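With compact mmCIF, C-alpha atoms inside, this is run_2.txt:
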# COMPACT_ATOMS: atom_id res chain seq x y z
CA MET A 1050 223.13 147.46 102.66
CA ASP A 1051 225.18 149.12 99.95
CA ARG A 1052 227.54 151.58 101.62
CA GLY A 1053 228.67 153.14 98.35
CA ASP A 1054 232.17 153.92 97.16
CA SER A 1055 234.64 155.45 99.56
CA ASN A 1056 235.52 159.11 100.02
CA PRO A 1057 234.40 160.49 96.63
CA VAL A 1058 235.73 163.96 97.38
CA ASP A 1059 238.33 163.08 100.00
CA VAL A 1060 236.59 164.82 102.89
CA ALA A 1061 235.04 161.99 104.92
CA ARG A 1062 236.74 160.62 107.98
CA PRO A 1063 235.94 157.50 109.99
CA PHE A 1064 234.47 157.97 113.42
CA ARG A 1065 237.21 158.60 115.91
CA ARG A 1066 237.01 156.10 118.77
CA ALA A 1067 238.79 158.36 121.21
CA VAL A 1068 239.70 157.51 124.73
CA ARG A 1069 237.10 158.03 127.43
CA ALA A 1070 235.66 161.51 127.41
CA PRO A 1071 237.38 164.01 129.71
CA ARG A 1072 235.83 165.37 132.85
CA LEU A 1073 232.66 167.23 132.05
CA PRO A 1074 233.33 170.95 131.58
CA ILE A 1075 231.47 173.56 133.53
CA VAL A 1076 229.02 175.26 131.18
CA GLU A 1077 229.29 178.95 131.98
CA ASN A 1078 226.73 181.55 130.94
CA LEU A 1079 224.25 178.90 129.88
CA GLN A 1080 221.58 181.57 129.46
CA ASP A 1081 223.61 182.94 126.54
CA ARG A 1082 223.30 179.60 124.82
CA VAL A 1083 219.62 178.75 125.35
CA ALA A 1084 216.18 179.64 124.02
CA VAL A 1085 213.01 178.31 125.62
CA ALA A 1086 209.50 178.15 124.14
CA PRO A 1087 206.81 176.32 126.13
CA GLU A 1088 203.44 175.96 124.45
CA ALA A 1089 200.37 173.72 124.91
CA GLY A 1090 202.10 171.32 127.28
CA VAL A 1091 205.16 171.05 125.04
CA SER A 1092 208.49 172.56 126.06
CA PHE A 1093 211.44 172.97 123.71
CA ARG A 1094 214.76 174.20 125.05
CA TYR A 1095 217.56 174.83 122.56
CA PHE A 1096 221.24 175.19 123.45
CA LEU A 1097 224.29 176.08 121.40
CA PRO A 1098 227.11 173.54 121.50
CA ALA A 1099 230.65 174.48 122.47
CA PRO A 1100 232.21 176.91 119.94
CA ALA A 1101 234.58 174.24 118.62
CA LEU A 1102 231.58 172.11 117.61
CA ARG A 1103 229.44 174.74 115.88
CA ALA A 1104 230.79 174.02 112.41
CA SER A 1105 229.41 170.48 112.77
CA ILE A 1106 226.46 170.72 115.17
CA THR A 1107 223.66 173.32 115.02
CA THR A 1108 222.07 172.90 118.45
CA TYR A 1109 221.29 170.62 121.33
CA TYR A 1110 217.65 170.53 122.32
CA VAL A 1111 215.48 169.15 125.09
CA LEU A 1112 211.86 168.26 124.37
CA GLU A 1113 209.42 167.64 127.20
CA ILE A 1114 205.79 166.64 126.67
CA GLY A 1115 203.43 166.96 129.60
CA GLY A 1116 199.87 165.82 130.19
CA SER A 1117 198.56 162.30 129.88
CA GLY A 1118 198.10 161.74 126.14
CA LEU A 1119 200.26 161.50 123.03
CA VAL A 1120 201.24 164.52 120.97
CA GLU A 1121 201.45 164.08 117.22
CA GLU A 1122 203.24 166.39 114.81
CA LEU A 1123 204.74 166.47 111.33
CA LEU A 1124 208.48 166.95 111.20
CA PHE A 1125 209.87 169.24 108.53
CA PRO A 1126 212.48 168.00 106.05
CA GLU A 1127 215.75 168.41 107.94
CA TRP A 1128 219.39 167.38 108.37
CA PRO A 1129 220.41 164.40 110.54
CA ASN A 1130 219.87 164.33 114.31
CA VAL A 1131 221.08 162.21 117.18
CA ARG A 1132 218.07 161.56 119.41
CA PHE A 1133 218.07 160.40 123.01
CA LEU A 1134 214.71 159.02 124.08
CA ILE A 1135 214.79 159.32 127.85
CA ASP A 1136 211.30 158.13 128.76
CA GLY A 1137 207.75 158.06 127.44
CA GLY A 1138 206.42 156.42 124.31
CA TRP A 1139 207.77 157.45 120.88
CA SER A 1140 207.16 156.45 117.28
CA GLN A 1141 207.92 157.90 113.87
CA THR A 1142 206.07 157.27 110.60
CA PHE A 1143 207.91 158.07 107.38
CA ALA A 1144 206.46 159.29 104.09
CA ASP A 1145 206.54 155.77 102.64
CA GLY A 1146 204.27 154.51 105.44
CA ARG A 1147 206.89 152.78 107.61
CA THR A 1148 206.35 153.24 111.34
CA VAL A 1149 209.22 152.73 113.77
CA SER A 1150 208.43 152.50 117.49
CA HIS A 1151 210.96 152.92 120.27
CA SER A 1152 211.27 151.82 123.88
CA PRO A 1153 213.33 154.29 125.94
CA PRO A 1154 215.93 154.75 127.14
CA MET A 1155 217.89 154.60 123.89
CA VAL A 1156 219.97 156.74 121.53
CA LEU A 1157 219.36 156.83 117.79
CA MET A 1158 220.63 158.49 114.63
CA SER A 1159 217.91 159.99 112.46
CA GLY A 1160 219.17 160.48 108.93
CA VAL A 1161 218.31 163.37 106.67
CA ILE A 1162 214.54 163.71 106.23
CA SER A 1163 213.65 164.36 102.60
CA ARG A 1164 209.88 164.54 103.19
CA THR A 1165 207.77 164.97 106.30
CA ALA A 1166 207.70 162.30 108.98
CA LYS A 1167 204.99 161.99 111.62
CA LEU A 1168 206.28 161.99 115.18
CA ARG A 1169 204.22 160.75 118.11
CA GLY A 1170 205.41 161.04 121.67
CA GLY A 1171 204.74 161.63 125.31
CA PRO A 1172 204.34 162.18 128.01
CA GLY A 1173 208.10 162.08 128.36
CA ARG A 1174 211.43 163.67 127.57
CA ALA A 1175 213.86 163.51 124.66
CA VAL A 1176 217.22 165.15 123.95
CA GLY A 1177 218.58 165.85 120.49
CA VAL A 1178 221.70 166.92 118.61
CA GLY A 1179 221.25 168.58 115.21
CA PHE A 1180 223.97 167.94 112.63
CA LEU A 1181 225.11 169.91 109.60
CA PRO A 1182 226.27 168.12 106.43
CA ALA A 1183 229.88 169.05 107.29
CA GLY A 1184 229.31 167.47 110.70
CA TRP A 1185 228.29 164.21 109.07
CA ALA A 1186 231.63 164.15 107.23
CA VAL A 1187 233.53 164.64 110.48
CA PHE A 1188 231.45 162.11 112.43
CA THR A 1189 231.41 159.13 110.06
CA ASN A 1190 232.60 157.77 106.73
CA LEU A 1191 229.29 156.00 106.13
CA PRO A 1192 227.31 157.58 103.25
CA ALA A 1193 224.40 159.74 104.34
CA ARG A 1194 222.25 158.45 101.48
CA ASP A 1195 222.04 155.02 103.15
CA TYR A 1196 220.32 156.52 106.21
CA ALA A 1197 218.03 159.07 104.55
CA ASP A 1198 214.43 158.85 105.78
CA ASP A 1199 215.39 156.32 108.43
CA ILE A 1200 216.23 156.17 112.12
CA VAL A 1201 218.69 153.58 113.44
CA PRO A 1202 220.68 152.84 116.62
CA LEU A 1203 223.63 155.21 117.09
CA SER A 1204 225.76 152.14 117.79
CA ILE A 1205 225.83 151.47 114.03
CA PHE A 1206 228.10 154.50 113.77
CA VAL A 1207 230.06 154.47 117.02
CA GLY A 1208 229.78 150.98 118.48
CA ASP A 1209 229.84 150.66 122.27
CA ALA A 1210 230.61 154.36 122.64
CA ALA A 1211 226.87 154.94 122.13
CA ASP A 1212 226.20 153.27 125.49
CA GLU A 1213 228.70 155.56 127.21
CA LEU A 1214 227.06 158.64 125.66
CA LEU A 1215 223.56 157.52 126.63
CA ALA A 1216 224.67 156.81 130.20
CA ASN A 1217 226.19 160.30 130.47
CA VAL A 1218 222.98 161.96 129.27
CA LEU A 1219 220.78 159.83 131.52
CA ALA A 1220 222.94 160.72 134.52
CA ALA A 1221 222.70 164.46 133.88
CA PRO A 1222 220.47 166.04 136.59
CA ASP A 1223 219.59 169.21 134.65
CA ASP A 1224 219.99 171.06 131.37
CA ALA A 1225 223.42 172.46 132.21
CA ALA A 1226 224.74 169.00 132.99
CA THR A 1227 223.18 167.61 129.81
CA VAL A 1228 224.88 170.27 127.68
CA ALA A 1229 228.18 169.61 129.48
CA ALA A 1230 227.89 165.87 128.88
CA LEU A 1231 227.16 166.36 125.18
CA ASP A 1232 229.96 168.90 124.75
CA ALA A 1233 232.47 166.63 126.47
CA TRP A 1234 231.56 163.53 124.45
CA PHE A 1235 231.43 165.20 121.04
CA LEU A 1236 234.61 167.19 121.68
CA ALA A 1237 236.41 163.98 122.65
CA HIS A 1238 235.11 161.96 119.72
CA MET A 1239 235.22 164.60 116.98
CA SER A 1240 238.40 166.43 117.97
CA GLY A 1241 241.47 166.07 115.80
CA ALA A 1242 239.40 166.27 112.62
CA ALA A 1243 238.85 169.63 110.97
CA ALA A 1244 235.58 171.04 112.22
CA THR A 1245 234.45 171.51 108.64
CA GLU A 1246 235.72 171.28 105.09
CA THR A 1247 236.02 174.04 102.55
CA LEU A 1248 234.28 172.13 99.76
CA LEU A 1249 231.35 171.01 101.90
CA VAL A 1250 230.81 174.48 103.33
CA ALA A 1251 230.94 175.98 99.85
CA ALA A 1252 228.46 173.38 98.64
CA HIS A 1253 226.13 174.10 101.55
CA GLU A 1254 226.36 177.86 101.08
CA ALA A 1255 225.51 177.48 97.39
CA LEU A 1256 222.54 175.27 98.27
CA LEU A 1257 221.22 178.00 100.56
CA ASP A 1258 221.60 180.69 97.88
CA PRO A 1259 218.15 181.28 96.30
CA THR A 1260 219.78 182.35 93.04
CA VAL A 1261 221.19 178.82 92.58
CA ARG A 1262 218.26 177.12 90.87
CA SER A 1263 219.86 174.34 88.82
CA VAL A 1264 222.29 171.48 89.32
CA ALA A 1265 224.47 172.94 86.57
CA GLU A 1266 224.75 176.29 88.36
CA TRP A 1267 225.45 174.59 91.70
CA ALA A 1268 228.23 172.51 90.15
CA ARG A 1269 229.65 175.59 88.39
CA ARG A 1270 229.86 177.44 91.72
CA LEU A 1271 231.97 174.59 93.10
CA GLU A 1272 234.07 174.20 89.96
CA ARG A 1273 233.00 170.56 89.82
CA SER A 1274 231.17 168.48 87.25
CA PRO A 1275 227.49 167.64 87.85
CA ARG A 1276 228.56 164.01 88.39
CA GLN A 1277 231.05 165.02 91.09
CA LEU A 1278 228.38 167.14 92.76
CA GLU A 1279 225.98 164.17 92.65
CA ARG A 1280 228.46 161.97 94.51
CA LEU A 1281 229.23 164.65 97.08
CA ALA A 1282 225.54 165.37 97.71
CA LEU A 1283 224.54 161.72 98.14
CA THR A 1284 227.50 160.99 100.41
CA TYR A 1285 227.30 163.96 102.79
CA PHE A 1286 223.90 165.61 102.24
CA GLY A 1287 221.97 162.35 101.84
CA MET A 1288 220.00 163.36 98.72
CA SER A 1289 220.61 164.08 95.05
CA PRO A 1290 221.43 167.67 94.05
CA LYS A 1291 218.10 168.07 92.24
CA ALA A 1292 216.15 166.84 95.26
CA LEU A 1293 218.12 169.10 97.60
CA LEU A 1294 217.48 172.20 95.50
CA ARG A 1295 213.77 171.37 95.40
CA ARG A 1296 213.70 170.84 99.15
CA GLN A 1297 215.46 174.14 99.89
CA ARG A 1298 213.13 176.07 97.61
CA PHE A 1299 210.18 174.61 99.51
CA LEU A 1300 211.69 175.28 102.95
CA ARG A 1301 212.39 178.92 102.11
CA SER A 1302 208.80 179.34 100.99
CA PHE A 1303 207.38 177.44 103.94
CA ALA A 1304 209.34 179.58 106.40
CA ALA A 1305 207.99 182.71 104.71
CA ILE A 1306 204.31 181.72 104.80
CA ARG A 1307 204.14 179.85 108.11
CA GLU A 1308 203.66 183.04 110.11
CA HIS A 1309 201.24 184.49 107.53
CA PRO A 1310 199.14 181.53 106.33
CA SER A 1311 196.18 183.71 105.33
CA ARG A 1312 198.08 186.19 103.14
CA LEU A 1313 198.59 186.00 99.41
CA TRP A 1314 201.27 183.34 99.02
CA SER A 1315 202.31 184.58 95.61
CA ARG A 1316 204.09 187.48 97.35
CA LEU A 1317 205.90 185.21 99.81
CA ILE A 1318 206.88 182.03 97.98
CA ASP A 1319 210.35 181.60 96.50
CA PRO A 1320 210.83 183.25 93.08
CA GLY A 1321 212.09 179.90 91.82
CA TYR A 1322 208.47 178.74 91.63
CA VAL A 1323 206.77 179.31 88.30
CA ASP A 1324 203.44 179.96 90.02
CA GLN A 1325 201.47 179.24 93.18
CA SER A 1326 200.18 175.95 91.78
CA GLN A 1327 203.71 174.59 91.56
CA PHE A 1328 204.30 175.55 95.19
CA ILE A 1329 201.09 173.79 96.27
CA ARG A 1330 202.22 170.64 94.45
CA ASP A 1331 205.53 170.80 96.31
CA PHE A 1332 203.71 171.35 99.59
CA ARG A 1333 201.73 168.16 99.01
CA HIS A 1334 204.92 166.31 98.12
CA PHE A 1335 206.91 167.40 101.17
CA MET A 1336 204.19 167.66 103.83
CA GLY A 1337 201.70 165.04 102.61
CA MET A 1338 198.76 167.45 102.39
CA PRO A 1339 197.82 170.79 100.80
CA PRO A 1340 198.72 174.03 102.61
CA ARG A 1341 195.19 174.83 103.78
CA ALA A 1342 194.84 171.40 105.40
CA TYR A 1343 198.20 171.81 107.13
CA PHE A 1344 197.47 175.26 108.52
CA ALA A 1345 194.03 174.14 109.72
CA ARG A 1346 195.78 171.74 112.11
CA ASP A 1347 196.93 172.51 115.63
CA PHE A 1348 200.66 172.59 115.10
CA SER A 1349 201.63 174.13 118.43
CA PHE A 1350 204.18 171.34 118.94
CA LEU A 1351 206.52 172.61 116.23
CA ARG A 1352 205.47 176.24 116.51
CA ALA A 1353 207.14 176.16 119.92
CA ALA A 1354 210.24 174.54 118.43
CA ALA A 1355 210.48 177.00 115.55
CA LYS A 1356 210.06 179.97 117.89
CA ALA A 1357 212.81 178.81 120.24
CA ARG A 1358 215.12 177.92 117.36
CA ALA A 1359 214.65 181.28 115.65
CA GLU A 1360 215.38 183.14 118.90
CA LEU A 1361 218.70 181.33 119.27
CA LEU A 1362 219.82 180.95 115.65
CA GLY A 1363 217.79 183.35 113.55
CA GLU A 1364 216.23 180.60 111.42
CA PRO A 1365 213.11 178.62 112.43
CA LEU A 1366 213.99 175.41 110.53
CA HIS A 1367 216.96 173.07 110.81
CA GLY A 1368 217.14 172.74 107.01
CA LEU A 1369 217.68 176.52 106.64
CA HIS A 1370 220.59 176.75 109.08
CA ALA A 1371 223.58 178.54 107.60
CA ALA A 1372 226.68 176.62 106.65
CA ALA A 1373 229.30 177.36 109.29
CA PRO A 1374 232.43 179.21 108.18
CA VAL A 1375 235.62 177.24 107.89
CA SER A 1376 237.59 177.36 111.13
CA ASP A 1377 241.26 178.13 111.21
CA PRO A 1378 243.43 175.11 112.08
Starting from the coordinates I provided, produce the structure as structure tokens.
Amino acid sequence: MDRGDSNPVDVARPFRRAVRAPRLPIVENLQDRVAVAPEAGVSFRYFLPAPALRASITTYYVLEIGGSGLVEELLFPEWPNVRFLIDGGWSQTFADGRTVSHSPPMVLMSGVISRTAKLRGGPGRAVGVGFLPAGWAVFTNLPARDYADDIVPLSIFVGDAADELLANVLAAPDDAATVAALDAWFLAHMSGAAATETLLVAAHEALLDPTVRSVAEWARRLERSPRQLERLALTYFGMSPKALLRRQRFLRSFAAIREHPSRLWSRLIDPGYVDQSQFIRDFRHFMGMPPRAYFARDFSFLRAAAKARAELLGEPLHGLHAAAPVSDP
């Protein structure tokens, strides 16, 4: 696999193989860091990571599927995630038709998702860690573009340390212990590197700005050439600038209409769309079906996730999460 050229904007760092993680910290006031949304036999519980990690990691989450059958849902385009499959049966089908099945327990890295992927799971439990683009730069020097729309063993990135992390999560008796185990491991293995980088945060903030509608404007905001922006985007965001702008425009519109699927979409969709027909074409591209077909489905699985996420973070979708501010050294 082509890993691309190294450090195009001098912000990537190799994964830090630190010494064994310190004793697990006591997670105090866990209720201040959690949102819960059970629905239709599916329970999502979201937790904020330790403050020192929030420039790199959006949330931790625990997914539990009850009952006796499989639950199937379409994932939204999103940033990378580390996923721990604790038990149950799990598979993921990507937009190109590839299906990857997994046999728990195992820990995986899911790269950026550019278009919807179909997730099947249960009954069982999974734990996840949502990354920001700046977090990818801190975690690894491997280019994000090589793992877009794919899910691979975490050991590709961290070697045998993946086994240690999985063992810690499997040994955790409850949510508080799971959060403590994740905090301890990520603090140990991502400490010493700046929690985020000025250029990446600025690039992310510009991507989230609905007035930035072209690659040229995005590059101008960063005082970089379009070619430099292309290299930065592929290396740390996993997609080309043009594709990222298209994806963000769709996600903003999707978030606006998801709670009001029967209203006039022309009043809710992003002003970057020429008309409603263009939005519908994008909906087909990203979600694999037209809006009316999507909203006719039972999507309680991710309704629960979006509700819990919005309660904790203010945004229902991972791809809309704000770029974290640069931390002082």
Original post:
What is the CA of Phe1335 (chain A) to CA of Pro1126 (chain A) distance in Å?
Top reply: 7.4 Å
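Between CA of Gly1179 (chain A) and CA of His1367 (chain A) lies a distance of 7.6 Å.
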**OP:** Give me the residues within 8 Å of region 1110-1124 of chain A as a count of residues only, counting all atoms listed in the file and dropping any in the same chain fewer than 6 places off.
**Re:** 26
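Separating CA of Gln1141 (chain A) from CA of His1370 (chain A) is a distance of 23.2 Å.
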**OP:** May I have the residues within 8 Å of Gly1287 (chain A) as number ranges by chain, using only C-alpha atoms and disregarding those fewer than 6 positions away in the same chain?
**Re:** A: 1160-1161, 1192-1197
**OP:** Would you mind telling me which residue in A:Ala1229, A:Leu1256, A:Val1131, A:Ile1205 lies nearest to Gly1368 (chain A) when using all atoms listed in the file?
**Re:** A:Leu1256
Original post:
A:Asp1223, A:Val1149, A:Phe1286, A:His1238: which is nearest Leu1191 (chain A), counting all atoms listed in the file?
Top reply: A:Phe1286
Original post:
Neighbours of region 1206-1219 of chain A within 9 Å (only C-alpha atoms; same-chain residues fewer than 2 positions away dropped), as number ranges by chain?
Top reply: A: 1064-1066, 1069, 1133, 1135, 1154-1158, 1176, 1188-1191, 1202-1204, 1221-1222, 1226-1228, 1230-1231, 1234
Original post:
Which residues come within 8 Å of region 1317-1330 of chain A, counting only C-alpha atoms, excluding same-chain residues fewer than 6 positions away, as a PyMOL selection string?
Top reply: chain A and resi 1259+1262+1298-1299+1301-1303+1305-1306+1339-1340
**OP:** Measuring atom to atom with only C-alpha atoms, identify which of A:Gly1337, A:Pro1098, A:Pro1275, A:Gly1363 is nearest to Ala1225 (chain A).
**Re:**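 Smallest distance to Ala1225 (chain A) is found for A:Pro1098.
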Output, as AutoDock Vina command-line options, the centre and edge lengths in Å (one decimal) of the axis-aligned box that contains all listed atoms of region 1251-1255 of chain A with 4 Å of margin on each side.
--center_x 228.2 --center_y 175.6 --center_z 99.5 --size_x 13.4 --size_y 12.5 --size_z 12.2
Subject >> Residue among A:Val1261, A:Ala1237, A:Leu1134, A:Ala1268 lying closest to Ser1152 (chain A), counting all atoms listed in the file >> reply: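 Using all atoms listed in the file, the shortest distance to Ser1152 (chain A) belongs to A:Leu1134.
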**OP:** Would you mind telling me which residue in A:His1253, A:Arg1269, A:Arg1103, A:Arg1164 lies nearest to Phe1332 (chain A) when using all atoms listed in the file?
**Re:** A:Arg1164
Original post:
From the list A:Ile1200, A:Ala1304, A:Ala1371, A:Ala1342, which residue is nearest Lys1356 (chain A) when using only C-alpha atoms?
Top reply: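 Ranked by minimum distance to Lys1356 (chain A), first place goes to A:Ala1304.
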